[in-house]
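**Student:** Following this line is target-v1.cif, made up of mmCIF, C-alpha atoms and all ligand atoms:
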data_start
loop_
_atom_site.label_atom_id
_atom_site.label_comp_id
_atom_site.auth_asym_id
_atom_site.auth_seq_id
_atom_site.Cartn_x
_atom_site.Cartn_y
_atom_site.Cartn_z
CA MET A 222 -3.27 40.88 -24.95
CA ARG A 223 -6.32 38.76 -24.32
CA ILE A 224 -5.72 35.11 -23.37
CA SER A 225 -8.36 32.77 -24.75
CA LYS A 226 -10.33 30.46 -22.47
CA LEU A 227 -8.60 27.49 -24.05
CA VAL A 228 -5.06 28.77 -23.52
CA LEU A 229 -5.48 29.91 -19.91
CA PRO A 230 -5.75 26.44 -18.30
CA LEU A 231 -2.73 25.35 -20.32
CA LEU A 232 -0.68 28.30 -19.05
CA VAL A 233 -1.75 27.61 -15.46
CA THR A 234 -0.72 23.96 -15.81
CA LEU A 235 2.61 24.89 -17.39
CA SER A 236 3.37 27.38 -14.66
CA ALA A 237 2.44 24.82 -11.94
CA CYS A 238 4.74 22.30 -13.61
CA SER A 239 7.61 24.77 -13.79
CA GLN A 240 7.24 25.38 -10.03
CA GLN A 241 7.23 21.69 -9.16
CA GLU A 242 10.39 20.52 -7.41
CA SER A 243 12.50 18.26 -9.60
CA MET A 244 12.68 14.64 -8.49
CA GLU A 245 16.45 15.04 -8.35
CA ASN A 246 16.17 17.85 -5.78
CA LEU A 247 13.45 16.01 -3.90
CA THR A 248 15.66 12.90 -3.64
CA GLU A 249 18.63 14.95 -2.45
CA ARG A 250 16.44 16.70 0.13
CA VAL A 251 14.99 13.44 1.49
CA PHE A 252 18.37 11.71 1.72
CA ARG A 253 19.76 14.70 3.65
CA VAL A 254 16.94 14.27 6.17
CA ALA A 255 17.47 10.50 6.21
CA GLN A 256 21.20 10.85 6.86
CA GLN A 257 20.61 13.24 9.78
CA GLN A 258 17.77 11.24 11.30
CA TYR A 259 19.34 7.82 10.99
CA THR A 260 22.77 8.94 12.24
CA ALA A 261 21.08 10.34 15.36
CA MET A 262 18.88 7.23 15.61
CA ASP A 263 21.96 5.04 16.16
CA THR A 264 22.77 6.88 19.40
CA ARG A 265 19.40 5.71 20.79
CA LEU A 266 20.29 2.02 20.33
CA ASP A 267 22.45 -0.52 22.13
CA ASN A 268 24.07 -3.56 20.52
CA GLN A 269 20.91 -5.69 20.79
CA THR A 270 18.17 -3.27 19.77
CA LEU A 271 16.72 -1.83 16.58
CA PRO A 272 14.18 0.98 16.08
CA GLN A 273 10.52 -0.06 15.91
CA THR A 274 8.19 2.95 16.32
CA ILE A 275 6.92 5.65 18.71
CA ALA A 276 4.92 4.21 21.62
CA VAL A 277 1.54 5.60 22.83
CA ASP A 278 3.32 7.54 25.59
CA SER A 279 5.37 9.23 22.81
CA SER A 280 8.59 7.44 23.79
CA PHE A 281 10.97 5.85 21.30
CA LYS A 282 10.25 2.12 21.04
CA THR A 283 12.92 -0.42 20.11
CA SER A 284 12.68 -4.10 19.25
CA THR A 285 15.00 -7.07 19.65
CA ILE A 286 16.51 -8.64 16.56
CA TYR A 287 13.68 -11.20 16.56
CA TRP A 288 10.93 -8.68 15.68
CA TRP A 289 10.04 -9.04 11.99
CA CYS A 290 11.21 -5.46 11.28
CA SER A 291 14.75 -5.75 12.63
CA GLY A 292 16.36 -5.68 9.15
CA PHE A 293 14.83 -2.40 8.02
CA TYR A 294 17.05 0.02 9.96
CA PRO A 295 20.32 -1.55 8.74
CA GLY A 296 18.75 -1.82 5.27
CA SER A 297 17.90 1.89 5.24
CA LEU A 298 21.44 2.70 6.36
CA TRP A 299 22.74 0.74 3.37
CA TYR A 300 20.45 2.78 1.08
CA ILE A 301 21.67 6.04 2.64
CA TYR A 302 25.24 4.86 2.12
CA GLU A 303 24.43 3.93 -1.50
CA TYR A 304 23.17 7.46 -2.14
CA THR A 305 25.67 9.49 -0.09
CA GLN A 306 28.76 7.23 -0.26
CA ASP A 307 29.48 8.52 3.25
CA PRO A 308 31.93 6.09 4.96
CA SER A 309 30.55 6.91 8.42
CA ILE A 310 27.10 5.71 7.30
CA LYS A 311 28.70 2.54 5.95
CA LEU A 312 30.16 1.87 9.41
CA LEU A 313 26.69 2.27 10.96
CA ALA A 314 25.18 -0.01 8.32
CA GLU A 315 27.79 -2.70 9.00
CA LYS A 316 27.42 -2.44 12.77
CA ASN A 317 23.62 -2.67 12.68
CA THR A 318 23.63 -5.48 10.10
CA LEU A 319 25.90 -7.65 12.25
CA LYS A 320 23.43 -7.40 15.16
CA LEU A 321 21.20 -9.78 13.16
CA ASP A 322 23.78 -12.55 12.77
CA SER A 323 21.83 -15.21 14.68
CA ILE A 324 18.65 -14.69 12.61
CA GLN A 325 20.19 -17.03 10.05
CA TYR A 326 19.32 -19.97 12.33
CA VAL A 327 15.69 -18.99 13.06
CA THR A 328 13.19 -21.65 11.99
CA HIS A 329 10.19 -20.67 14.15
CA ASP A 330 9.03 -17.79 11.93
CA HIS A 331 8.86 -16.87 8.23
CA ASP A 332 10.18 -13.32 8.56
CA VAL A 333 13.82 -14.39 8.19
CA GLY A 334 13.48 -13.19 4.59
CA PHE A 335 12.52 -9.64 5.56
CA GLN A 336 15.13 -9.53 8.30
CA LEU A 337 18.13 -10.80 6.35
CA ASN A 338 17.38 -9.67 2.83
CA CYS A 339 17.05 -6.01 3.78
CA SER A 340 20.15 -5.97 5.99
CA TYR A 341 22.67 -8.56 4.78
CA GLY A 342 21.14 -8.60 1.29
CA ASN A 343 21.79 -4.91 0.68
CA GLY A 344 25.14 -5.18 2.44
CA TYR A 345 26.18 -7.95 0.04
CA ARG A 346 24.84 -6.09 -3.01
CA LEU A 347 26.92 -3.03 -2.14
CA THR A 348 30.12 -4.61 -0.82
CA ASN A 349 30.37 -8.16 -2.25
CA ASN A 350 31.38 -9.28 1.23
CA GLU A 351 31.11 -13.09 0.98
CA ALA A 352 30.60 -13.39 4.75
CA TYR A 353 27.23 -11.64 4.20
CA ALA A 354 26.31 -14.10 1.43
CA LYS A 355 27.02 -16.99 3.80
CA VAL A 356 24.55 -15.63 6.35
CA LEU A 357 21.94 -15.13 3.60
CA CYS A 358 22.33 -18.71 2.36
CA GLN A 359 22.07 -20.19 5.86
CA GLY A 360 18.98 -18.00 6.48
CA ALA A 361 17.38 -19.31 3.29
CA LYS A 362 17.99 -22.91 4.40
CA SER A 363 16.39 -22.15 7.79
CA LEU A 364 13.38 -20.55 6.07
CA SER A 365 12.99 -23.52 3.74
CA THR A 366 12.38 -25.83 6.71
CA ARG A 367 8.97 -24.16 7.04
CA PHE A 368 7.83 -25.45 3.64
CA ASN A 369 5.38 -28.35 3.63
CA PRO A 370 5.20 -30.03 0.19
CA GLN A 371 1.71 -31.43 0.99
CA VAL A 372 0.41 -27.87 1.23
CA GLY A 373 2.76 -26.21 -1.25
CA VAL A 374 3.47 -23.15 0.91
CA ILE A 375 5.79 -21.94 3.66
CA ARG A 376 4.00 -21.63 6.99
CA SER A 377 3.91 -18.04 8.25
CA TRP A 378 3.05 -18.05 11.94
CA ASP A 379 3.41 -20.74 14.61
CA PHE A 380 1.33 -18.86 17.19
CA VAL A 381 -2.47 -19.24 17.17
CA PRO A 382 -4.50 -16.60 19.07
CA LYS A 383 -7.24 -17.99 21.35
CA SER A 384 -9.97 -16.56 19.08
CA LYS A 385 -8.66 -18.44 15.98
CA ASP A 386 -8.50 -22.08 15.02
CA TRP A 387 -5.70 -21.85 12.44
CA LYS A 388 -3.86 -25.03 11.57
CA TYR A 389 -1.41 -23.78 8.93
CA PRO A 390 -1.69 -20.00 8.49
CA VAL A 391 -0.06 -18.32 5.51
CA ILE A 392 -0.14 -14.54 5.05
CA ILE A 393 0.31 -12.58 1.82
CA ASP A 394 3.31 -10.81 3.42
CA ASN A 395 5.16 -14.12 3.07
CA MET A 396 5.65 -13.41 -0.66
CA MET A 397 8.35 -10.95 0.41
CA ASN A 398 10.41 -13.67 2.09
CA LEU A 399 10.82 -15.50 -1.22
CA GLU A 400 13.49 -13.04 -2.36
CA LEU A 401 15.90 -14.56 0.15
CA LEU A 402 15.21 -18.05 -1.24
CA MET A 403 15.71 -16.86 -4.81
CA PHE A 404 19.02 -15.22 -3.87
CA ALA A 405 20.34 -18.39 -2.20
CA ALA A 406 19.01 -20.62 -5.00
CA SER A 407 21.05 -18.66 -7.50
CA LYS A 408 24.13 -18.24 -5.30
CA LEU A 409 24.29 -21.93 -4.39
CA GLY A 410 22.82 -23.34 -7.61
CA ASN A 411 20.18 -24.91 -5.36
CA ASP A 412 17.07 -25.94 -7.35
CA THR A 413 15.21 -27.06 -4.22
CA LEU A 414 15.17 -23.52 -2.82
CA ARG A 415 13.99 -22.18 -6.17
CA HIS A 416 11.27 -24.87 -6.34
CA ILE A 417 10.05 -23.95 -2.84
CA ALA A 418 9.86 -20.24 -3.71
CA CYS A 419 7.99 -20.86 -6.99
CA THR A 420 5.61 -23.40 -5.45
CA HIS A 421 4.78 -20.96 -2.66
CA ALA A 422 4.15 -18.17 -5.20
CA ASN A 423 1.96 -20.50 -7.34
CA THR A 424 -0.15 -21.76 -4.42
CA THR A 425 -0.59 -18.19 -3.14
CA LEU A 426 -1.60 -17.02 -6.62
CA LYS A 427 -4.27 -19.74 -6.69
CA ASN A 428 -5.71 -19.27 -3.19
CA HIS A 429 -5.06 -15.78 -1.85
CA PHE A 430 -6.73 -13.62 -4.50
CA ARG A 431 -10.29 -12.57 -5.21
CA ASN A 432 -11.60 -12.16 -8.77
CA ASP A 433 -10.84 -8.41 -8.65
CA TYR A 434 -7.15 -9.15 -7.80
CA THR A 435 -7.41 -7.89 -4.23
CA SER A 436 -5.84 -10.27 -1.76
CA TYR A 437 -6.96 -11.83 1.47
CA HIS A 438 -4.46 -11.37 4.25
CA LEU A 439 -4.40 -14.94 5.58
CA VAL A 440 -5.27 -18.33 4.13
CA ASP A 441 -5.41 -21.21 6.59
CA TYR A 442 -4.62 -24.67 5.19
CA ASP A 443 -5.11 -28.23 6.34
CA SER A 444 -1.52 -29.40 6.69
CA ASP A 445 -2.44 -33.03 5.91
CA ASN A 446 -3.95 -32.48 2.47
CA GLY A 447 -3.42 -28.82 1.52
CA GLN A 448 -7.17 -28.02 1.52
CA VAL A 449 -8.03 -24.37 2.21
CA ARG A 450 -9.81 -24.15 5.60
CA SER A 451 -10.56 -20.41 5.68
CA LYS A 452 -9.64 -17.02 4.20
CA GLN A 453 -9.32 -14.00 6.48
CA THR A 454 -7.98 -10.44 6.75
CA VAL A 455 -6.52 -10.22 10.22
CA GLN A 456 -4.91 -6.75 10.06
CA GLY A 457 -7.59 -5.21 7.82
CA TYR A 458 -11.10 -3.86 8.26
CA SER A 459 -12.94 -7.14 7.64
CA ASP A 460 -12.26 -10.57 6.18
CA GLU A 461 -13.65 -9.44 2.81
CA SER A 462 -11.85 -6.09 2.72
CA ALA A 463 -8.52 -5.26 1.06
CA TRP A 464 -5.95 -4.42 3.76
CA SER A 465 -3.70 -1.90 2.02
CA ARG A 466 -0.29 -3.16 3.08
CA GLY A 467 -1.30 -6.69 2.10
CA GLN A 468 -2.04 -5.41 -1.42
CA ALA A 469 1.36 -3.69 -1.40
CA TRP A 470 3.15 -6.92 -0.40
CA ALA A 471 1.31 -8.74 -3.21
CA LEU A 472 2.29 -6.13 -5.81
CA TYR A 473 5.91 -6.13 -4.69
CA GLY A 474 6.09 -9.90 -4.24
CA TYR A 475 4.86 -10.86 -7.74
CA THR A 476 6.97 -8.15 -9.38
CA MET A 477 10.04 -9.48 -7.54
CA MET A 478 9.18 -13.09 -8.50
CA TYR A 479 8.98 -12.04 -12.16
CA ARG A 480 12.37 -10.29 -11.87
CA THR A 481 14.00 -13.38 -10.34
CA THR A 482 12.34 -16.10 -12.50
CA GLY A 483 11.19 -14.48 -15.77
CA GLU A 484 7.85 -16.38 -15.37
CA LYS A 485 5.17 -14.50 -17.31
CA LYS A 486 2.33 -15.52 -14.94
CA TYR A 487 3.99 -13.57 -12.11
CA LEU A 488 4.22 -10.47 -14.30
CA GLN A 489 0.56 -10.80 -15.31
CA GLN A 490 -0.45 -11.09 -11.66
CA ALA A 491 1.59 -8.01 -10.73
CA GLU A 492 0.11 -6.04 -13.65
CA ASN A 493 -3.42 -6.99 -12.61
CA ILE A 494 -2.77 -6.01 -8.99
CA GLY A 495 -1.14 -2.78 -10.21
CA ARG A 496 -4.17 -1.84 -12.35
CA MET A 497 -6.52 -2.65 -9.48
CA LEU A 498 -4.50 -0.37 -7.17
CA VAL A 499 -4.31 2.50 -9.65
CA SER A 500 -8.11 2.43 -9.89
CA HIS A 501 -8.44 2.54 -6.06
CA LEU A 502 -5.90 5.25 -5.19
CA SER A 503 -7.04 8.83 -5.41
CA ASN A 504 -5.84 12.38 -4.65
CA ASP A 505 -2.60 12.06 -2.70
CA CYS A 506 -2.17 8.41 -3.76
CA ILE A 507 -1.23 7.24 -0.27
CA PRO A 508 -3.80 4.57 0.62
CA TYR A 509 -5.93 4.48 3.70
CA TRP A 510 -4.89 1.57 5.95
CA ASP A 511 -7.57 -0.54 4.25
CA LEU A 512 -8.88 0.12 0.73
CA ASN A 513 -12.42 -0.51 2.02
CA THR A 514 -12.15 1.39 5.27
CA PRO A 515 -15.31 3.20 6.39
CA GLU A 516 -15.45 7.01 6.31
CA ASN A 517 -15.02 7.43 10.07
CA ASN A 518 -11.90 5.34 10.28
CA LYS A 519 -9.62 6.89 7.70
CA TYR A 520 -6.01 6.72 8.71
CA HIS A 521 -3.55 6.83 5.83
CA ASP A 522 -0.78 4.25 5.81
CA ALA A 523 2.51 5.73 4.60
CA SER A 524 4.13 2.28 4.77
CA ALA A 525 1.68 0.86 2.21
CA GLY A 526 2.25 3.91 -0.01
CA ALA A 527 6.04 3.53 0.16
CA ILE A 528 6.00 -0.22 -0.57
CA MET A 529 3.62 0.34 -3.51
CA ALA A 530 5.79 3.16 -4.89
CA SER A 531 8.87 0.96 -4.85
CA ALA A 532 6.99 -1.92 -6.49
CA PHE A 533 5.30 0.31 -9.09
CA ILE A 534 8.68 1.66 -10.21
CA GLU A 535 10.11 -1.82 -10.72
CA LEU A 536 6.90 -3.04 -12.38
CA SER A 537 6.95 -0.06 -14.77
CA THR A 538 10.20 -1.43 -16.20
CA PHE A 539 8.61 -4.82 -16.99
CA ALA A 540 4.96 -4.11 -17.88
CA ASN A 541 3.98 -5.07 -21.43
CA ASP A 542 1.56 -2.26 -22.13
CA CYS A 543 2.96 1.24 -22.59
CA ASN A 544 -0.10 2.79 -20.88
CA ASP A 545 0.47 0.55 -17.85
CA ARG A 546 4.12 1.52 -17.73
CA LYS A 547 3.22 5.21 -17.72
CA ALA A 548 0.40 4.76 -15.18
CA PHE A 549 2.63 2.82 -12.77
CA VAL A 550 5.52 5.25 -12.84
CA LEU A 551 3.19 8.24 -12.59
CA MET A 552 1.49 6.72 -9.57
CA ALA A 553 4.88 6.07 -7.92
CA GLU A 554 6.00 9.63 -8.59
CA LYS A 555 2.83 11.04 -7.02
CA GLN A 556 3.30 8.79 -3.99
CA LEU A 557 6.93 9.87 -3.59
CA ARG A 558 6.03 13.56 -3.90
CA THR A 559 3.34 13.16 -1.23
CA LEU A 560 5.64 11.25 1.12
CA ALA A 561 8.33 13.91 0.65
CA SER A 562 5.88 16.68 1.63
CA PRO A 563 5.81 18.11 5.18
CA ILE A 564 2.65 16.11 5.91
CA TYR A 565 4.66 12.88 5.90
CA LEU A 566 8.37 13.79 5.98
CA ALA A 567 9.71 14.56 9.45
CA GLU A 568 11.64 17.70 10.34
CA PRO A 569 15.18 16.66 11.34
CA GLY A 570 15.40 16.22 15.12
CA THR A 571 11.70 15.31 15.46
CA ASN A 572 9.69 12.07 15.07
CA CYS A 573 12.16 10.15 17.29
CA ASN A 574 14.50 10.26 14.28
CA PHE A 575 12.26 8.22 11.99
CA ILE A 576 11.98 9.64 8.47
CA LEU A 577 8.25 9.33 7.77
CA LYS A 578 5.16 9.96 9.87
CA HIS A 579 1.66 8.44 9.59
CA SER A 580 1.81 4.69 9.15
CA VAL A 581 -0.51 2.04 10.51
CA GLY A 582 0.83 -1.28 11.84
CA ASN A 583 -2.18 -3.21 13.07
CA LEU A 584 -5.33 -1.17 13.58
CA PRO A 585 -7.69 -4.03 14.57
CA GLY A 586 -5.06 -5.07 17.14
CA ASN A 587 -4.96 -1.43 18.35
CA SER A 588 -1.23 -1.44 17.79
CA GLU A 589 0.94 1.12 15.95
CA VAL A 590 -1.81 3.41 14.67
CA ASP A 591 -0.71 6.65 12.94
CA VAL A 592 2.94 6.31 13.91
CA PRO A 593 6.33 6.11 12.19
CA LEU A 594 7.42 2.59 11.21
CA SER A 595 10.91 1.51 10.14
CA TYR A 596 9.62 -0.26 7.02
CA ALA A 597 7.86 2.86 5.71
CA ASP A 598 11.27 4.57 5.82
CA TYR A 599 13.03 1.62 4.18
CA TYR A 600 10.72 1.27 1.17
CA PHE A 601 10.55 5.07 0.73
CA LEU A 602 14.35 5.25 0.37
CA GLU A 603 14.37 2.17 -1.86
CA ALA A 604 11.70 3.70 -4.10
CA LEU A 605 13.65 6.95 -4.46
CA LEU A 606 16.79 5.04 -5.45
CA ARG A 607 14.81 2.93 -7.91
CA TYR A 608 13.25 6.06 -9.39
CA GLN A 609 16.68 7.67 -9.73
CA LYS A 610 17.96 4.58 -11.58
CA ILE A 611 15.11 4.46 -14.11
CA LYS A 612 15.31 8.21 -14.77
CA GLN A 613 19.12 8.28 -14.56
CA PHE A 614 19.47 11.75 -13.12
N1 LIG P 701 4.38 -8.32 7.84
C1 LIG P 701 3.57 -7.73 8.82
C2 LIG P 701 2.88 -6.49 8.39
O1 LIG P 701 2.92 -6.09 7.25
O2 LIG P 701 2.26 -5.89 9.28
#
Would you put the structure from the file into structure tokens?
Ligand code: GLY
**Tutor:**
Amino acid sequence: MRISKLVLPLLVTLSACSQQESMENLTERVFRVAQQQYTAMDTRLDNQTLPQTIAVDSSFKTSTIYWWCSGFYPGSLWYIYEYTQDPSIKLLAEKNTLKLDSIQYVTHDHDVGFQLNCSYGNGYRLTNNEAYAKVLCQGAKSLSTRFNPQVGVIRSWDFVPKSKDWKYPVIIDNMMNLELLMFAASKLGNDTLRHIACTHANTTLKNHFRNDYTSYHLVDYDSDNGQVRSKQTVQGYSDESAWSRGQAWALYGYTMMYRTTGEKKYLQQAENIGRMLVSHLSNDCIPYWDLNTPENNKYHDASAGAIMASAFIELSTFANDCNDRKAFVLMAEKQLRTLASPIYLAEPGTNCNFILKHSVGNLPGNSEVDVPLSYADYYFLEALLRYQKIKQF
């Protein structure tokens, strides 16, 4: 029988589709790796350390609880427990969460949101342990002390490198810390915390974005009158470029703010950022470390891909336009399939027990280039669980 030229491509596509691993199997396979890697990871830690990355000499690098990433390992353990229901993983999640107890009193840095929301936040969501909620609420109060009403934003960093003249630096990453404030606002019925979170999101929406919905990394403000002093991209290729993880934080942050407030302007912002990203991402859908990176400097950043995938899945459940909804979930699925491939997913027993390879922390700072990072793992697992929930397999 002769197959017409029109039918042949269709048959090839159908056969490729039938060979594609189901997302259910893929999720099961990744969580098996995650369970093995993260159980072994715990034996590398003492009661004050958390995993950070692999150092340049190939050794396992830990951080103290004060590093901004300290909540991701306990958070990933909670996700592994959520998927596997394995009580031994729950014990590890509890133990590693409790290491972060004193973060609730930190007022010198904005990352309290990342640290506590991922660890205690997931712990509370899965166990309803009120002691966890207490830590989260105290953490939110500590974070709120960094809000200056004259400026309308929470200050990100207190340190100022010698080469900079920042007075009141605010980075796009800070959108992620608002989830902690929104949790505590609702738990305590505290309108001030909610007002701080919304004001920060509104000021950032006004000042951090370019007309094409890409975001600067850092906006520096005059703390006396709230005037913008400068706009920069510290961890990206240039001030005018779009640092990929910054775009991922923006996508996730405005989607989360829509989920927690129902404010349409946050959804519109997330949809616009989402469309911009879909038009930039090609082939394997995992972004280079900067969307405008030059040809000779092309490291992919798995962490940005994982954060985007998680945000795209949530955004696909809210987006108004049916084509957007399809585009966002399709993009997330492609990102998850790529991250679950041997290029990115570690073989158990390798990669110093991290789950994913090939992330970029801070390339201009020559720090954490093409390495595993605990937050790539965290958002990858979160995205898989979110995908499972929307597809209900
Ligand atoms: N929040 C710091 C980073 O994304 O590198």
**Student:** Distance limit 8 Å, reference ligand LIG 701 (chain P), atoms considered: only C-alpha atoms and all ligand atoms. Which residues make the cut? Give them as a PyMOL selection string.
**Tutor:** chain A and resi 289+332+394-395+456+466-467+470+582-583
**Student:** What does the distance from atom CA of A:Pro272 to atom CA of A:Pro569 come to in Å, to one decimal?
**Tutor:** 16.4 Å
**Student:** Between A:Gly526, A:Gly410, A:Gly586, A:Pro295, which residue has the minimum interatomic distance to A:Lys311, considering all atoms listed in the file?
**Tutor:**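 Under the stated criterion, the closest residue is A:Pro295.
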**Student:** Between atom CA of A:Gln490 and atom CA of A:Leu414, what is the spacing in Å?
**Tutor:** 21.8 Å
**Student:** Name the closest residue to A:Gln258 among the candidates A:Ile417, A:Leu298, A:Cys339, A:Ile324; distances are taken between atoms, counting all atoms listed in the file.
**Tutor:**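 So, comparing all the options, the nearest one is A:Leu298.
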**Student:** Could you name the residues that touch A:Arg253 at 12 Å or less, counting all atoms listed in the file, but leaving out those on the same chain fewer than 3 positions away, as a list in words?
**Tutor:**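 Contacts, with the query itself left out: Asn246, Leu247, Thr248, Glu249, Arg250, Gln256, Gln257, Gln258, Tyr259, Thr260, Ile301, Tyr302, Tyr304, Thr305, Asp307, Ala561, Leu566, Ala567, Glu568, Pro569, Ile576 and Leu602 of chain A.
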**Student:** Using only C-alpha atoms, find the one residue out of A:Met478, A:Leu498, A:Pro593, A:Val550 that sits nearest to A:Thr571.
**Tutor:**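 For A:Thr571, the nearest of the given residues is A:Pro593.
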